[in-house]
file my_file_6.cif (mmCIF, C-alpha atoms)
data_model
loop_
_atom_site.label_atom_id
_atom_site.label_comp_id
_atom_site.auth_asym_id
_atom_site.auth_seq_id
_atom_site.Cartn_x
_atom_site.Cartn_y
_atom_site.Cartn_z
CA MET A 1 8.61 19.36 -26.79
CA ARG A 2 8.44 21.89 -23.99
CA LEU A 3 5.16 22.80 -22.34
CA ARG A 4 3.73 26.15 -23.31
CA PRO A 5 3.20 28.55 -20.37
CA PHE A 6 -0.10 28.15 -18.51
CA GLU A 7 -1.72 29.24 -15.27
CA LEU A 8 -2.12 26.59 -12.57
CA ALA A 9 -5.12 26.61 -10.23
CA VAL A 10 -5.21 24.27 -7.22
CA PRO A 11 -8.70 24.30 -5.66
CA GLU A 12 -9.42 22.52 -2.39
CA SER A 13 -13.05 21.58 -3.01
CA VAL A 14 -15.29 20.52 -5.89
CA PRO A 15 -17.35 23.75 -5.75
CA GLU A 16 -14.14 25.80 -5.91
CA ALA A 17 -12.95 23.79 -8.94
CA LEU A 18 -16.29 24.30 -10.66
CA GLU A 19 -16.17 28.02 -9.93
CA ILE A 20 -12.75 28.29 -11.57
CA LEU A 21 -13.96 26.41 -14.65
CA ALA A 22 -17.06 28.59 -14.89
CA HIS A 23 -14.91 31.71 -15.31
CA ALA A 24 -12.27 30.20 -17.59
CA ASP A 25 -14.03 30.97 -20.89
CA GLY A 26 -13.32 27.45 -22.23
CA ASP A 27 -9.57 27.90 -21.90
CA ALA A 28 -9.10 25.50 -18.96
CA ARG A 29 -8.48 21.78 -18.59
CA VAL A 30 -8.76 19.63 -15.48
CA VAL A 31 -5.75 17.54 -14.52
CA ALA A 32 -5.73 14.55 -12.17
CA GLY A 33 -2.68 12.32 -12.64
CA GLY A 34 -1.49 14.16 -15.74
CA THR A 35 -0.67 11.00 -17.71
CA ALA A 36 -3.24 11.88 -20.39
CA LEU A 37 -3.27 15.69 -20.47
CA VAL A 38 0.43 16.50 -20.15
CA PRO A 39 1.57 14.44 -23.20
CA MET A 40 -1.23 16.02 -25.24
CA MET A 41 -0.03 19.47 -24.18
CA ARG A 42 3.60 18.63 -24.98
CA LEU A 43 2.65 17.48 -28.47
CA GLY A 44 0.58 20.60 -29.07
CA LEU A 45 -2.64 18.61 -29.48
CA VAL A 46 -4.39 20.87 -26.97
CA ARG A 47 -3.71 24.52 -26.14
CA VAL A 48 -4.48 25.29 -22.51
CA GLY A 49 -4.34 28.65 -20.76
CA ARG A 50 -5.27 27.37 -17.32
CA VAL A 51 -4.83 23.94 -15.73
CA VAL A 52 -7.07 23.07 -12.80
CA SER A 53 -5.43 20.45 -10.58
CA LEU A 54 -7.65 18.23 -8.43
CA HIS A 55 -4.86 16.98 -6.15
CA ARG A 56 -6.02 18.93 -3.10
CA VAL A 57 -9.76 18.37 -3.53
CA ALA A 58 -11.03 16.54 -0.44
CA GLY A 59 -12.90 13.28 -0.99
CA LEU A 60 -11.87 12.58 -4.57
CA GLY A 61 -9.26 10.04 -3.42
CA GLU A 62 -11.81 7.88 -1.60
CA LEU A 63 -12.18 4.18 -2.41
CA ARG A 64 -14.94 2.38 -0.52
CA ALA A 65 -17.08 -0.69 -1.01
CA GLU A 66 -20.65 -1.26 0.06
CA SER A 67 -22.70 -4.43 -0.19
CA ASN A 68 -23.97 -3.53 -3.65
CA ALA A 69 -21.35 -1.22 -5.18
CA LEU A 70 -17.77 0.00 -5.30
CA HIS A 71 -17.28 3.76 -5.13
CA LEU A 72 -14.12 5.28 -6.62
CA GLY A 73 -13.28 8.95 -6.37
CA ALA A 74 -11.85 10.57 -9.47
CA MET A 75 -8.38 10.84 -7.92
CA VAL A 76 -8.02 7.14 -7.03
CA SER A 77 -4.92 5.87 -8.82
CA MET A 78 -4.74 2.78 -11.00
CA ALA A 79 -2.16 1.34 -8.61
CA HIS A 80 -4.61 1.70 -5.72
CA VAL A 81 -7.42 0.08 -7.72
CA HIS A 82 -5.12 -2.80 -8.66
CA ARG A 83 -3.78 -3.41 -5.15
CA ALA A 84 -6.80 -2.69 -2.95
CA PRO A 85 -7.87 -5.99 -1.30
CA VAL A 86 -11.55 -5.05 -1.46
CA VAL A 87 -11.33 -4.51 -5.23
CA ARG A 88 -9.37 -7.71 -5.84
CA ALA A 89 -11.92 -9.69 -3.81
CA GLY A 90 -15.18 -8.17 -5.07
CA TRP A 91 -14.29 -6.71 -8.47
CA PRO A 92 -11.36 -8.81 -9.76
CA LEU A 93 -11.98 -7.79 -13.38
CA LEU A 94 -11.36 -4.13 -12.58
CA ALA A 95 -8.29 -4.94 -10.47
CA GLU A 96 -6.91 -7.06 -13.33
CA ALA A 97 -7.44 -4.36 -15.96
CA ALA A 98 -6.03 -1.58 -13.77
CA GLY A 99 -2.93 -3.70 -13.20
CA ARG A 100 -2.32 -3.89 -16.96
CA VAL A 101 -2.09 -0.11 -17.42
CA ALA A 102 1.36 0.88 -18.72
CA THR A 103 4.13 0.79 -16.09
CA PRO A 104 4.14 0.79 -12.27
CA ALA A 105 5.23 4.44 -12.29
CA ILE A 106 2.36 5.47 -14.56
CA ARG A 107 -0.15 3.39 -12.59
CA SER A 108 0.89 5.30 -9.48
CA SER A 109 0.00 8.61 -11.18
CA ALA A 110 -2.83 7.71 -13.55
CA THR A 111 -6.30 8.06 -12.05
CA ILE A 112 -9.66 6.48 -12.69
CA GLY A 113 -11.22 9.93 -13.26
CA GLY A 114 -8.58 10.98 -15.76
CA ASN A 115 -8.82 7.71 -17.65
CA VAL A 116 -12.59 7.99 -17.96
CA GLY A 117 -12.67 11.74 -18.50
CA TYR A 118 -10.23 11.78 -21.42
CA ALA A 119 -11.92 8.80 -23.13
CA GLU A 120 -8.77 7.06 -24.34
CA PRO A 121 -9.98 4.64 -27.09
CA ALA A 122 -7.30 2.07 -26.18
CA SER A 123 -7.95 2.21 -22.43
CA ASP A 124 -7.37 -0.89 -20.29
CA PRO A 125 -9.91 -0.08 -17.54
CA ALA A 126 -12.72 1.08 -19.85
CA PRO A 127 -13.72 -2.39 -21.19
CA ALA A 128 -13.73 -3.76 -17.64
CA LEU A 129 -15.89 -0.88 -16.43
CA LEU A 130 -18.28 -1.38 -19.36
CA CYS A 131 -18.66 -5.08 -18.53
CA LEU A 132 -19.35 -4.13 -14.91
CA ASP A 133 -22.10 -1.63 -15.90
CA ALA A 134 -20.19 1.22 -14.23
CA GLU A 135 -21.70 4.67 -13.87
CA VAL A 136 -19.78 7.96 -14.04
CA ARG A 137 -20.55 10.57 -11.39
CA ILE A 138 -20.44 14.06 -12.86
CA ALA A 139 -20.18 17.23 -10.76
CA ALA A 140 -21.63 20.50 -12.08
CA ALA A 141 -22.54 23.88 -10.61
CA THR A 142 -26.19 22.82 -10.68
CA GLY A 143 -25.54 19.56 -8.78
CA GLU A 144 -24.39 16.03 -9.47
CA ARG A 145 -25.64 13.63 -12.11
CA SER A 146 -24.74 10.10 -13.16
CA LEU A 147 -24.44 8.45 -16.56
CA PRO A 148 -23.75 4.84 -17.55
CA LEU A 149 -20.23 4.67 -18.94
CA ALA A 150 -21.63 3.38 -22.25
CA ARG A 151 -23.50 6.69 -22.66
CA PHE A 152 -20.71 8.81 -21.21
CA LEU A 153 -18.20 7.73 -23.88
CA THR A 154 -19.47 9.39 -27.04
CA GLY A 155 -16.57 9.30 -29.54
CA TYR A 156 -12.86 9.61 -30.23
CA TYR A 157 -11.55 11.29 -27.04
CA GLU A 158 -15.07 12.66 -26.57
CA THR A 159 -17.46 12.34 -23.65
CA ALA A 160 -20.85 13.59 -22.51
CA LEU A 161 -19.24 16.13 -20.17
CA GLU A 162 -20.72 19.58 -20.60
CA PRO A 163 -18.56 22.72 -20.33
CA GLY A 164 -17.76 23.42 -16.69
CA GLU A 165 -18.37 19.84 -15.51
CA ILE A 166 -15.85 17.43 -14.02
CA VAL A 167 -15.74 13.69 -13.38
CA ALA A 168 -16.24 13.25 -9.64
CA GLY A 169 -15.98 9.49 -9.53
CA VAL A 170 -17.20 6.10 -10.70
CA ARG A 171 -19.76 3.72 -9.18
CA VAL A 172 -19.35 0.02 -10.00
CA PRO A 173 -22.21 -2.38 -9.13
CA ALA A 174 -21.48 -5.71 -7.46
CA LEU A 175 -20.84 -8.75 -9.65
CA PRO A 176 -23.77 -11.05 -10.36
CA ALA A 177 -23.62 -14.33 -8.46
CA GLY A 178 -21.44 -16.95 -10.12
CA ALA A 179 -19.76 -14.48 -12.50
CA ARG A 180 -16.52 -15.38 -14.27
CA THR A 181 -14.52 -12.40 -15.47
CA GLY A 182 -11.31 -11.71 -17.33
CA TYR A 183 -9.35 -9.16 -19.31
CA VAL A 184 -6.83 -9.72 -22.12
CA LYS A 185 -4.81 -7.27 -24.17
CA PHE A 186 -2.67 -7.64 -27.26
CA CYS A 187 0.37 -5.37 -27.51
CA PRO A 188 2.55 -6.18 -30.53
CA ARG A 189 5.36 -3.87 -29.42
CA SER A 190 5.55 -4.02 -25.61
CA ALA A 191 3.45 -5.44 -22.78
CA GLU A 192 3.51 -1.95 -21.23
CA ASP A 193 2.05 -0.30 -24.32
CA LYS A 194 -1.55 0.66 -24.94
CA PRO A 195 -3.45 -2.35 -26.27
CA LEU A 196 -3.83 -2.77 -29.99
CA ILE A 197 -6.90 -4.69 -28.87
CA GLY A 198 -8.19 -5.12 -25.32
CA ALA A 199 -11.11 -7.38 -24.43
CA ALA A 200 -13.00 -7.83 -21.18
CA ALA A 201 -15.76 -10.33 -20.56
CA LEU A 202 -18.17 -11.45 -17.86
CA LEU A 203 -19.99 -14.77 -18.05
CA VAL A 204 -22.57 -16.42 -15.81
CA LEU A 205 -23.18 -20.11 -16.55
CA ASP A 206 -25.97 -22.35 -15.35
CA PRO A 207 -24.17 -24.87 -13.13
CA ALA A 208 -26.63 -27.62 -14.04
CA THR A 209 -26.79 -27.25 -17.82
CA GLY A 210 -23.69 -25.24 -18.72
CA ARG A 211 -25.82 -22.80 -20.68
CA CYS A 212 -24.89 -19.14 -20.60
CA ARG A 213 -27.23 -17.14 -18.38
CA ASP A 214 -25.50 -13.80 -18.95
CA ALA A 215 -22.69 -12.55 -21.16
CA ARG A 216 -20.98 -9.20 -21.37
CA ILE A 217 -18.13 -8.42 -23.78
CA ALA A 218 -16.37 -5.07 -24.15
CA LEU A 219 -13.53 -3.96 -26.38
CA ALA A 220 -10.82 -1.30 -26.44
CA GLY A 221 -8.96 -0.26 -29.57
CA ALA A 222 -11.77 -1.66 -31.72
CA ALA A 223 -13.70 1.57 -32.33
CA PRO A 224 -13.29 5.33 -31.80
CA THR A 225 -14.14 4.63 -28.15
CA ALA A 226 -14.41 1.57 -25.91
CA ILE A 227 -17.59 -0.37 -26.77
CA ARG A 228 -19.81 -3.23 -25.66
CA SER A 229 -20.27 -6.01 -28.23
CA THR A 230 -24.01 -6.29 -27.71
CA ARG A 231 -24.75 -8.63 -30.63
CA ALA A 232 -21.98 -11.01 -29.60
CA GLU A 233 -23.37 -10.99 -26.06
CA ALA A 234 -26.87 -11.75 -27.30
CA SER A 235 -25.62 -14.69 -29.35
CA LEU A 236 -24.29 -16.37 -26.20
CA ARG A 237 -27.22 -15.88 -23.83
CA GLN A 238 -29.21 -19.06 -23.18
CA ALA A 239 -26.86 -21.03 -25.46
CA PRO A 240 -24.58 -23.93 -24.54
CA LEU A 241 -21.10 -22.47 -24.30
CA ASP A 242 -19.47 -24.91 -26.70
CA ASP A 243 -16.68 -24.18 -29.18
CA GLY A 244 -19.15 -23.39 -31.95
CA ALA A 245 -20.98 -20.78 -29.88
CA ILE A 246 -17.72 -19.17 -28.82
CA GLU A 247 -16.42 -19.07 -32.40
CA ALA A 248 -19.66 -17.46 -33.57
CA ALA A 249 -19.55 -14.86 -30.79
CA ALA A 250 -15.95 -13.98 -31.65
CA GLU A 251 -16.90 -13.55 -35.32
CA THR A 252 -19.82 -11.34 -34.33
CA ALA A 253 -17.62 -9.20 -32.07
CA ALA A 254 -15.18 -8.70 -34.96
CA ALA A 255 -18.05 -7.69 -37.23
CA GLU A 256 -19.30 -5.19 -34.64
CA ALA A 257 -15.88 -3.57 -34.34
CA ASP A 258 -15.31 -0.30 -36.17
CA PRO A 259 -11.57 0.26 -35.66
CA LEU A 260 -9.33 2.99 -36.93
CA SER A 261 -6.07 2.37 -38.77
CA ASP A 262 -2.90 3.79 -37.23
CA LEU A 263 0.81 3.04 -36.90
CA MET A 264 0.11 0.08 -34.61
CA GLY A 265 -2.13 -1.72 -37.08
CA SER A 266 -4.71 -1.44 -39.83
CA ALA A 267 -8.44 -1.59 -39.22
CA ASP A 268 -8.60 -5.03 -40.85
CA TYR A 269 -5.80 -6.36 -38.63
CA ARG A 270 -7.55 -5.06 -35.52
CA ARG A 271 -10.76 -6.86 -36.53
CA ARG A 272 -8.81 -10.10 -36.92
CA MET A 273 -7.28 -9.61 -33.48
CA VAL A 274 -10.72 -8.99 -31.98
CA ARG A 275 -11.78 -12.40 -33.29
CA VAL A 276 -8.68 -14.11 -31.92
CA TRP A 277 -8.63 -12.54 -28.46
CA VAL A 278 -12.36 -12.66 -27.78
CA ARG A 279 -12.33 -16.36 -28.62
CA ARG A 280 -9.35 -17.02 -26.35
CA LEU A 281 -10.90 -15.07 -23.48
CA LEU A 282 -14.27 -16.83 -23.72
CA VAL A 283 -12.62 -20.25 -23.78
CA ARG A 284 -10.57 -19.34 -20.72
CA LEU A 285 -13.64 -18.16 -18.80
CA ARG A 286 -15.71 -21.18 -19.80
CA ASP A 287 -13.04 -23.50 -18.43
CA SER A 288 -12.38 -21.54 -15.24
CA ALA A 289 -14.16 -21.46 -11.90
CA PRO A 290 -16.60 -18.64 -11.07
CA ALA A 291 -15.49 -15.90 -8.68
CA SER A 292 -16.20 -16.54 -5.02
#
call {"tool": "encode", "arguments": {"input": "my_file_6.cif", "output": "structure tokens"}}
result
Amino acid sequence: MRLRPFELAVPESVPEALEILAHADGDARVVAGGTALVPMMRLGLVRVGRVVSLHRVAGLGELRAESNALHLGAMVSMAHVHRAPVVRAGWPLLAEAAGRVATPAIRSSATIGGNVGYAEPASDPAPALLCLDAEVRIAAATGERSLPLARFLTGYYETALEPGEIVAGVRVPALPAGARTGYVKFCPRSAEDKPLIGAAALLVLDPATGRCRDARIALAGAAPTAIRSTRAEASLRQAPLDDGAIEAAAETAAAEADPLSDLMGSADYRRRMVRVWVRRLLVRLRDSAPAS
């Protein structure tokens, strides 16, 4: 389908972008890489009179690491996140998930801000960011605020963004010492497709006893938005990470899932795949070495 006519605004600063949105009467959408918004416009799922491009906004393409956090501007591409040595060294889970997004061409265009801001339920980066306790930086005319990603994602393609606000970036805390992390996705049609189920996990094991000190599990495609499996996590903490504990955690994660049925698979099938892939991921992490 052809795009309907729209007005394009290209601000050069965050305040200028916010000013444009403030006078758009709800008829404007922000575009970063365009990999989420443009297909929705082509399919007629959204009607937009004005598109506000962030490509020229200074500072939104910044990627920098400090001793206790990684800072990603909204315009940082998935390809940059995947390839950046500082991300691969300090936040390997995020680098791994970003590298599983669609195709190389799409990764070069898709941005971290667009991925978070449009709340794709079957997002690859979202489960990784949830496991890493990421925070979303939100710019508004009244100033900037931050929200944990778990509170920012509110529903099916819905977020906590208020009218006139934009995603300015994401802050990702440093990994806990001794963390083991991983991401898996199941795509029944193509490895470059959105995941039917995506699962990210972070484990910290006691080196002396093998008991689980900390566990974080997050899922994509298993609910109207990406979610943390909090009850599955709780079942693992302070427990020996044997096959029985892993099987029980996978069952709990499947029970926590609230998936939708679509052309890729039924809700029941998605729950079964949650059980399978969470179990496989936890076994892999248990038997691997912690990140340096």
call {"tool": "resolve_selection", "arguments": {"input": "my_file_6.cif", "expression": "the PyMOL selection byres ((chain A and resi 178-184) around 8)", "output": "PyMOL selection string"}}
result
chain A and resi 92-93+96-97+128+175-177+185-186+198-205+277+281+285+288-292
call {"tool": "write_last_selection", "arguments": {"input": "my_file_6.cif", "atoms": "C-alpha atoms", "output": "CSV table (one decimal), keeping the file's coordinate frame"}}
result
chain,number,residue,atom,x,y,z
A,92,PRO,CA,-11.4,-8.8,-9.8
A,93,LEU,CA,-12.0,-7.8,-13.4
A,96,GLU,CA,-6.9,-7.1,-13.3
A,97,ALA,CA,-7.4,-4.4,-16.0
A,128,ALA,CA,-13.7,-3.8,-17.6
A,175,LEU,CA,-20.8,-8.8,-9.6
A,176,PRO,CA,-23.8,-11.0,-10.4
A,177,ALA,CA,-23.6,-14.3,-8.5
A,185,LYS,CA,-4.8,-7.3,-24.2
A,186,PHE,CA,-2.7,-7.6,-27.3
A,198,GLY,CA,-8.2,-5.1,-25.3
A,199,ALA,CA,-11.1,-7.4,-24.4
A,200,ALA,CA,-13.0,-7.8,-21.2
A,201,ALA,CA,-15.8,-10.3,-20.6
A,202,LEU,CA,-18.2,-11.4,-17.9
A,203,LEU,CA,-20.0,-14.8,-18.0
A,204,VAL,CA,-22.6,-16.4,-15.8
A,205,LEU,CA,-23.2,-20.1,-16.6
A,277,TRP,CA,-8.6,-12.5,-28.5
A,281,LEU,CA,-10.9,-15.1,-23.5
A,285,LEU,CA,-13.6,-18.2,-18.8
A,288,SER,CA,-12.4,-21.5,-15.2
A,289,ALA,CA,-14.2,-21.5,-11.9
A,290,PRO,CA,-16.6,-18.6,-11.1
A,291,ALA,CA,-15.5,-15.9,-8.7
A,292,SER,CA,-16.2,-16.5,-5.0
call {"tool": "resolve_selection", "arguments": {"input": "my_file_6.cif", "expression": "the PyMOL selection byres ((chain A and resi 59) around 12)", "output": "PDB file with C-alpha atoms, keeping the file's coordinate frame"}}
result
ATOM      1  CA  GLU A  12      -9.420  22.520  -2.390  1.00  0.00           C
ATOM      2  CA  SER A  13     -13.050  21.580  -3.010  1.00  0.00           C
ATOM      3  CA  VAL A  14     -15.290  20.520  -5.890  1.00  0.00           C
ATOM      4  CA  LEU A  54      -7.650  18.230  -8.430  1.00  0.00           C
ATOM      5  CA  HIS A  55      -4.860  16.980  -6.150  1.00  0.00           C
ATOM      6  CA  ARG A  56      -6.020  18.930  -3.100  1.00  0.00           C
ATOM      7  CA  VAL A  57      -9.760  18.370  -3.530  1.00  0.00           C
ATOM      8  CA  ALA A  58     -11.030  16.540  -0.440  1.00  0.00           C
ATOM      9  CA  LEU A  60     -11.870  12.580  -4.570  1.00  0.00           C
ATOM     10  CA  GLY A  61      -9.260  10.040  -3.420  1.00  0.00           C
ATOM     11  CA  GLU A  62     -11.810   7.880  -1.600  1.00  0.00           C
ATOM     12  CA  LEU A  63     -12.180   4.180  -2.410  1.00  0.00           C
ATOM     13  CA  ARG A  64     -14.940   2.380  -0.520  1.00  0.00           C
ATOM     14  CA  HIS A  71     -17.280   3.760  -5.130  1.00  0.00           C
ATOM     15  CA  LEU A  72     -14.120   5.280  -6.620  1.00  0.00           C
ATOM     16  CA  GLY A  73     -13.280   8.950  -6.370  1.00  0.00           C
ATOM     17  CA  ALA A  74     -11.850  10.570  -9.470  1.00  0.00           C
ATOM     18  CA  MET A  75      -8.380  10.840  -7.920  1.00  0.00           C
ATOM     19  CA  VAL A  76      -8.020   7.140  -7.030  1.00  0.00           C
ATOM     20  CA  ALA A 168     -16.240  13.250  -9.640  1.00  0.00           C
ATOM     21  CA  GLY A 169     -15.980   9.490  -9.530  1.00  0.00           C
TER      22      GLY A 169
END
call {"tool": "closest_residue", "arguments": {"input": "my_file_6.cif", "among": "A:Ala226, A:Leu282, A:Val116, A:Leu236", "to": "Gly155 of chain A", "atoms": "all atoms listed in the file"}}
result
A:Ala226
call {"tool": "resolve_selection", "arguments": {"input": "my_file_6.cif", "expression": "the PyMOL selection byres ((chain A and resi 149) around 8)", "output": "VMD selection string"}}
result
chain A and resid 129 to 130 133 to 136 147 to 148 150 to 153
call {"tool": "closest_residue", "arguments": {"input": "my_file_6.cif", "among": "A:Thr154, A:Ser235, A:Ser77, A:Ser67", "to": "Ala119 of chain A", "atoms": "all atoms listed in the file"}}
result
A:Thr154
call {"tool": "axis_aligned_box", "arguments": {"input": "my_file_6.cif", "around": "segment 265-269 of chain A", "padding_each_side": "8 Å", "output": "AutoDock Vina command-line options"}}
result
--center_x -5.4 --center_y -3.9 --center_z -39.0 --size_x 22.5 --size_y 20.9 --size_z 19.8
call {"tool": "atom_distance", "arguments": {"input": "my_file_6.cif", "atom1": "atom CA of Gly99 of chain A", "atom2": "atom CA of Leu241 of chain A"}}
result
28.4 Å
call {"tool": "closest_residue", "arguments": {"input": "my_file_6.cif", "among": "A:Pro163, A:Pro39, A:Pro5, A:Pro240", "to": "Arg213 of chain A", "atoms": "only C-alpha atoms"}}
result
A:Pro240
call {"tool": "residues_around", "arguments": {"input": "my_file_6.cif", "residues": "Glu251 of chain A", "least_positions_apart": "5", "cutoff": "10 Å", "atoms": "all atoms listed in the file", "output": "list in words"}}
result
Ala232, Ala245, Ile246, Glu256, Arg271, Arg272, Val274, Arg275, Val276, Val278 and Arg279 of chain A
call {"tool": "residues_near_point", "arguments": {"input": "my_file_6.cif", "point": "(-8.6, 21.1, -26.1)", "cutoff": "10 Å", "atoms": "all atoms listed in the file", "output": "compact mmCIF listing (two decimals) with C-alpha atoms, in the coordinates of the input"}}
result
# COMPACT_ATOMS: atom_id res chain seq x y z
CA GLY A 26 -13.32 27.45 -22.23
CA ASP A 27 -9.57 27.90 -21.90
CA ALA A 28 -9.10 25.50 -18.96
CA ARG A 29 -8.48 21.78 -18.59
CA LEU A 37 -3.27 15.69 -20.47
CA MET A 40 -1.23 16.02 -25.24
CA MET A 41 -0.03 19.47 -24.18
CA GLY A 44 0.58 20.60 -29.07
CA LEU A 45 -2.64 18.61 -29.48
CA VAL A 46 -4.39 20.87 -26.97
CA ARG A 47 -3.71 24.52 -26.14
CA VAL A 48 -4.48 25.29 -22.51
call {"tool": "residues_around", "arguments": {"input": "my_file_6.cif", "residues": "Pro104 of chain A", "least_positions_apart": "4", "cutoff": "12 Å", "atoms": "only C-alpha atoms", "output": "mmCIF file with C-alpha atoms, keeping the file's coordinate frame"}}
result
data_model
loop_
_atom_site.group_PDB
_atom_site.id
_atom_site.type_symbol
_atom_site.label_atom_id
_atom_site.label_comp_id
_atom_site.auth_asym_id
_atom_site.auth_seq_id
_atom_site.Cartn_x
_atom_site.Cartn_y
_atom_site.Cartn_z
ATOM 1 C CA SER A 77 -4.920 5.870 -8.820
ATOM 2 C CA MET A 78 -4.740 2.780 -11.000
ATOM 3 C CA ALA A 79 -2.160 1.340 -8.610
ATOM 4 C CA HIS A 80 -4.610 1.700 -5.720
ATOM 5 C CA HIS A 82 -5.120 -2.800 -8.660
ATOM 6 C CA ARG A 83 -3.780 -3.410 -5.150
ATOM 7 C CA ALA A 98 -6.030 -1.580 -13.770
ATOM 8 C CA GLY A 99 -2.930 -3.700 -13.200
ATOM 9 C CA ARG A 100 -2.320 -3.890 -16.960
ATOM 10 C CA SER A 108 0.890 5.300 -9.480
ATOM 11 C CA SER A 109 0.000 8.610 -11.180
ATOM 12 C CA ALA A 110 -2.830 7.710 -13.550
ATOM 13 C CA GLU A 192 3.510 -1.950 -21.230
#
call {"tool": "atom_distance", "arguments": {"input": "my_file_6.cif", "atom1": "atom CA of Ala222 of chain A", "atom2": "atom CA of Met273 of chain A"}}
result
9.3 Å
call {"tool": "build_atoms", "arguments": {"input": "my_file_6.cif", "residues": "segment 236-251 of chain A", "atoms": "N, CA and C atoms", "output": "CSV table (one decimal), in the frame of the given file"}}
result
chain,number,residue,atom,x,y,z
A,236,LEU,N,-24.7,-15.4,-27.2
A,236,LEU,CA,-24.3,-16.4,-26.2
A,236,LEU,C,-25.4,-16.7,-25.2
A,237,ARG,N,-26.2,-15.7,-24.9
A,237,ARG,CA,-27.2,-15.9,-23.8
A,237,ARG,C,-28.2,-17.0,-24.1
A,238,GLN,N,-28.3,-17.9,-23.1
A,238,GLN,CA,-29.2,-19.1,-23.2
A,238,GLN,C,-28.7,-20.2,-24.1
A,239,ALA,N,-27.4,-20.0,-24.6
A,239,ALA,CA,-26.9,-21.0,-25.5
A,239,ALA,C,-25.9,-21.9,-24.7
A,240,PRO,N,-25.7,-23.1,-25.1
A,240,PRO,CA,-24.6,-23.9,-24.5
A,240,PRO,C,-23.3,-23.3,-24.9
A,241,LEU,N,-22.3,-23.2,-24.0
A,241,LEU,CA,-21.1,-22.5,-24.3
A,241,LEU,C,-20.1,-23.4,-24.9
A,242,ASP,N,-20.4,-24.0,-26.1
A,242,ASP,CA,-19.5,-24.9,-26.7
A,242,ASP,C,-18.6,-24.1,-27.7
A,243,ASP,N,-17.6,-24.8,-28.3
A,243,ASP,CA,-16.7,-24.2,-29.2
A,243,ASP,C,-17.4,-23.4,-30.3
A,244,GLY,N,-18.4,-24.0,-30.8
A,244,GLY,CA,-19.2,-23.4,-32.0
A,244,GLY,C,-19.8,-22.1,-31.5
A,245,ALA,N,-20.4,-22.0,-30.4
A,245,ALA,CA,-21.0,-20.8,-29.9
A,245,ALA,C,-19.9,-19.7,-29.6
A,246,ILE,N,-18.8,-20.1,-29.1
A,246,ILE,CA,-17.7,-19.2,-28.8
A,246,ILE,C,-17.1,-18.6,-30.1
A,247,GLU,N,-16.9,-19.5,-31.1
A,247,GLU,CA,-16.4,-19.1,-32.4
A,247,GLU,C,-17.4,-18.1,-33.0
A,248,ALA,N,-18.7,-18.4,-33.0
A,248,ALA,CA,-19.7,-17.5,-33.6
A,248,ALA,C,-19.7,-16.1,-32.9
A,249,ALA,N,-19.6,-16.1,-31.5
A,249,ALA,CA,-19.6,-14.9,-30.8
A,249,ALA,C,-18.3,-14.0,-31.1
A,250,ALA,N,-17.2,-14.7,-31.3
A,250,ALA,CA,-16.0,-14.0,-31.6
A,250,ALA,C,-16.1,-13.4,-33.0
A,251,GLU,N,-16.7,-14.1,-34.0
A,251,GLU,CA,-16.9,-13.6,-35.3
A,251,GLU,C,-17.8,-12.3,-35.3
